[in-house]
Every structure is written in C-alpha cells, then in structure tokens.
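Visitor: The structure is given below, and queries will be raised subsequently.
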Amino acid sequence: MDLVMAFADEARSRLDRLLTGQLPAIRRSGALIAEAVRAGGVVHAYGTGHSEAVALEVAGRAGGLIPTNRLTLRDPVVLGSADPGEFDPLAERDPRTAHQVLALHTIEKSDVFVIASNSGGNGSTVEMARLVKERGLPLIAITSLAHSGAITSRHPSGERLFELADIVIDNLAPYGDAVLPTEHGPVCGISSITSALVVQLMIAEAIGLLQADGTVPPVYLSANIPGADAHNDALVTRYAGRIRTGAL
C-alpha cells in the first residue's frame with residue numbers, strides 16, 4: 001500500500017464530508033463568534049494534548065480574530081504561582097485543573113468558548129465545559145463523535161464534551177484518530193487536519209458576517225510583515241488583560 005496516497009485520499013474524503021455534513025454547525029458557530037465580537041466579547045479556546053493545536057488555530061493566529069484567548073494546562077505555572085516541578089503531565093485528566101486554569105482568566109458575559117477534544121472525555125475538558133455552562137456562556141465543541149461515543153468519560157459525572165456543548169462539530173476522526181490500517185496498527189491521525197479546517201471555516205463565517213453588517217473585524221496581521229506590529233498592538237489594547245498574545 002502506498003501510505004502517502006492512501007492518507008491523502010482519506011484526508012480529502014473527510015474534508016469533503018466535513019464541508020457537507022458539518023457546515024450548518026460551523027455556520028452557527030461563526031454566527032455565535034460574530035455576535036460575541038460585536039458585543040465586545042472574547043473567544044476563549046481550550047484544548048489539551050494535540051487538541052492544543054486547535055486552540056492555537058483559534059487564538060493569536062495570523063488572519064484570525066484578535067479578541068481570542070487561549071487557555072492551557074500550563075497556565076497555573078506560566079500565569080499563576082504554581083511550582084513548575086509539580087506540574088502533572090496527566091493534569092488533563094483531573095477535573096480540578098479546569099478550575100485552576102479558568103481562575104487565571106478574565107471571563108465576561110459577552111464571551112464565547114471553543115473547547116476542542118478528540119476524545120471528549122478527559123476530566124479537565126469535561127469540567128471546563130461544565131464551568132462554562134454554569135456561567136451561562138455559549139459553548140462550541142470540536143470533537144470526534146465516533147471516539148466519544150465509544151468511551152467511558154474520565155469525569156466523575158460520566159458526561160462527555162458533546163453532551164454539554166450548545167453546538168457540536170464532529171471532526172470526523174475515527175476511534176483512536178488514526179485512519180490507515182497496517183499490520184503494526186492504525187497510523188496517521190486525522191483530527192488535527194479536520195479540526196484546523198473547522199476553525200478556519202468558523203472564523204471565515206464570523207468575519208463575513210461582521211463585514212456584512214458594516215463591522216470592521218479586528219483581525220491579526222502576520223507579525224512578519226511590515227506595519228503589522230503597530231496594527232496588532234493598537235487592536236490588542238482594546239482587550240487588555242483579557243487575551244493572551246504570547247506563544248506560551
């Protein structure tokens with residue numbers, strides 16, 4: 001088997017299916033994000049493990065929206081006073097982590113959350129979703145329904161991410177994420193590719209809606225082009241204390 005072309009075919013097929021089956025949910029998500037931006041809100045993104053890459057697509061991305069903020073497992077160390085030596089590599093499984101992380105961010109009633117998790121069942125992910133809903137804020141989930149439907153949640157409630165979100169977008173990854181069967185086990189994960197497309201489609205929908213009603217979308221320019229720093233800094237100032245702009 002030519003694994004290169006087999007994976008290319010799988011990726012192409014799933015991206016095509018995403019654009020048909022998931023487009024209504026993606027458009028609704030973009031509308032929620034546009035509504036938050038109009039109201040002066042911030043889009044908060046949370047993901048652990050490889051899903052942190054999805055949160056990076058949402059927050060601080062060239063061509064993306066400036067009022068975006070990334071929440072990470074490292075926040076108690078980077079933004080708080082936790083001892084780096086005590087950081088637990090399995091913190092994503094602990095519901096208490098969500099409380100520690102969220103407490104370090106400014107959350108307002110005009111905000112919206114995007115939580116990405118392929119499995120949708122880790123303790124911190126589910127607890128973060130529960131905390132968001134307790135605050136009455138809109139929650140968009142990007143997850144694998146095939147994987148989530150086949151697992152037992154690690155959260156004491158037994159809930160999974162897709163059961164808590166207002167809008168669920170299926171990234172179409174299979175159970176275990178890898179899409180190519182081989183004699184050594186399945187290989188080549190797909191969730192990062194499909195989830196990144198989901199994010200960019202949501203942002204495109206949101207920006208299109210903002211432009212349609214005459215709102216100038218606050219968009220990041222790449223820091224690697226002339227004049228970008230001045231443009232970005234002027235807009236970031238509007239959200240001082242509410243968004244993370246660094247890579248950590």
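Identifiers in this document derive from the order of the structure tokens: chains are assigned A, B, ..., residues are numbered from 1 separately in each chain, and ligands are numbered from 1 in order of occurrence.
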DSSP on the backbone, helix (DSSP H, G or I) only: what residues of segment 100-218 of chain A does that give? Format it as a PyMOL selection string.
Guide: chain A and resi 100-102+123-134+145-148+161-163+191-212
Visitor: Go through segment 150-210 of chain A residue by residue and, counting only C-alpha atoms, keep those with an atom at most 12 Å from segment 38-50 of chain A; for each kept residue give the shortest atom pair and its distance in Å to one decimal, ordered by chain and increasing number, as a Markdown table.
Guide:
```
| residue | atom | partner | partner_atom | distance |
| --- | --- | --- | --- | --- |
| A:Leu161 | CA | A:Gly47 | CA | 11.6 |
| A:Asp177 | CA | A:His50 | CA | 11.0 |
| A:Gly189 | CA | A:His50 | CA | 10.2 |
| A:Ile190 | CA | A:His50 | CA | 11.0 |
| A:Ser191 | CA | A:His50 | CA | 8.8 |
| A:Ser192 | CA | A:His50 | CA | 7.3 |
| A:Ile193 | CA | A:His50 | CA | 11.0 |
| A:Ser195 | CA | A:His50 | CA | 10.7 |
| A:Ala196 | CA | A:His50 | CA | 11.4 |
| A:Val199 | CA | A:Ala45 | CA | 10.6 |
| A:Met202 | CA | A:Val43 | CA | 11.7 |
| A:Ile203 | CA | A:Val43 | CA | 10.7 |
| A:Ala206 | CA | A:Arg38 | CA | 10.3 |
| A:Ile207 | CA | A:Arg38 | CA | 10.8 |
| A:Leu209 | CA | A:Arg38 | CA | 10.3 |
| A:Leu210 | CA | A:Arg38 | CA | 7.8 |
```
Visitor: When you count only C-alpha atoms, which of these residues is closest to Gly30 of chain A: A:Gly214, A:Pro186, A:Pro174, A:Pro138?
Guide: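 The closest residue to Gly30 of chain A is A:Pro138.
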Visitor: Would you pick out the contacts of segment 9-24 of chain A at 7 Å or less, using only C-alpha atoms, so that residues sharing its chain but fewer than 2 positions from it are not included, and give the list as a PDB file with N, CA and C atoms, in the first residue's frame?
Guide:
```
ATOM      1  N   MET A   5      -0.326   8.187  -0.519  1.00  0.00           N
ATOM      2  CA  MET A   5      -1.519   8.469  -1.307  1.00  0.00           C
ATOM      3  C   MET A   5      -2.778   7.984  -0.594  1.00  0.00           C
ATOM      4  N   ALA A   6      -2.650   6.906   0.180  1.00  0.00           N
ATOM      5  CA  ALA A   6      -3.808   6.418   0.931  1.00  0.00           C
ATOM      6  C   ALA A   6      -4.252   7.454   1.955  1.00  0.00           C
ATOM      7  N   PHE A   7      -3.269   8.065   2.627  1.00  0.00           N
ATOM      8  CA  PHE A   7      -3.636   9.093   3.601  1.00  0.00           C
ATOM      9  C   PHE A   7      -4.178  10.333   2.904  1.00  0.00           C
ATOM     10  N   ILE A  26     -21.015  24.592  11.673  1.00  0.00           N
ATOM     11  CA  ILE A  26     -19.904  25.537  11.534  1.00  0.00           C
ATOM     12  C   ILE A  26     -20.435  26.956  11.322  1.00  0.00           C
ATOM     13  N   ARG A  27     -21.459  27.104  10.502  1.00  0.00           N
ATOM     14  CA  ARG A  27     -22.029  28.439  10.270  1.00  0.00           C
ATOM     15  C   ARG A  27     -22.682  28.988  11.543  1.00  0.00           C
ATOM     16  N   ARG A  28     -23.363  28.137  12.297  1.00  0.00           N
ATOM     17  CA  ARG A  28     -23.955  28.598  13.566  1.00  0.00           C
ATOM     18  C   ARG A  28     -22.863  29.024  14.538  1.00  0.00           C
ATOM     19  N   ILE A 169     -19.448  20.197  16.716  1.00  0.00           N
ATOM     20  CA  ILE A 169     -18.915  19.989  15.380  1.00  0.00           C
ATOM     21  C   ILE A 169     -18.073  18.717  15.413  1.00  0.00           C
ATOM     22  N   ASP A 170     -18.458  17.751  14.608  1.00  0.00           N
ATOM     23  CA  ASP A 170     -17.758  16.475  14.547  1.00  0.00           C
ATOM     24  C   ASP A 170     -16.556  16.600  13.622  1.00  0.00           C
ATOM     25  N   LEU A 172     -14.875  14.223  12.534  1.00  0.00           N
ATOM     26  CA  LEU A 172     -14.921  13.033  11.677  1.00  0.00           C
ATOM     27  C   LEU A 172     -13.722  12.101  11.839  1.00  0.00           C
ATOM     28  N   ILE A 190      -5.917  12.033  11.945  1.00  0.00           N
ATOM     29  CA  ILE A 190      -6.589  12.984  11.052  1.00  0.00           C
ATOM     30  C   ILE A 190      -7.198  14.176  11.787  1.00  0.00           C
ATOM     31  N   THR A 194      -8.653  17.984  10.201  1.00  0.00           N
ATOM     32  CA  THR A 194     -10.069  18.339  10.074  1.00  0.00           C
ATOM     33  C   THR A 194     -10.461  19.437  11.059  1.00  0.00           C
TER      34      THR A 194
END
```
Visitor: Taking only C-alpha atoms into account, which of A:Ser119, A:Thr143, A:Gln200, A:Ser29 comes nearest Asp166 of chain A?
Guide: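 Distance minimum relative to Asp166 of chain A lands on A:Ser29.
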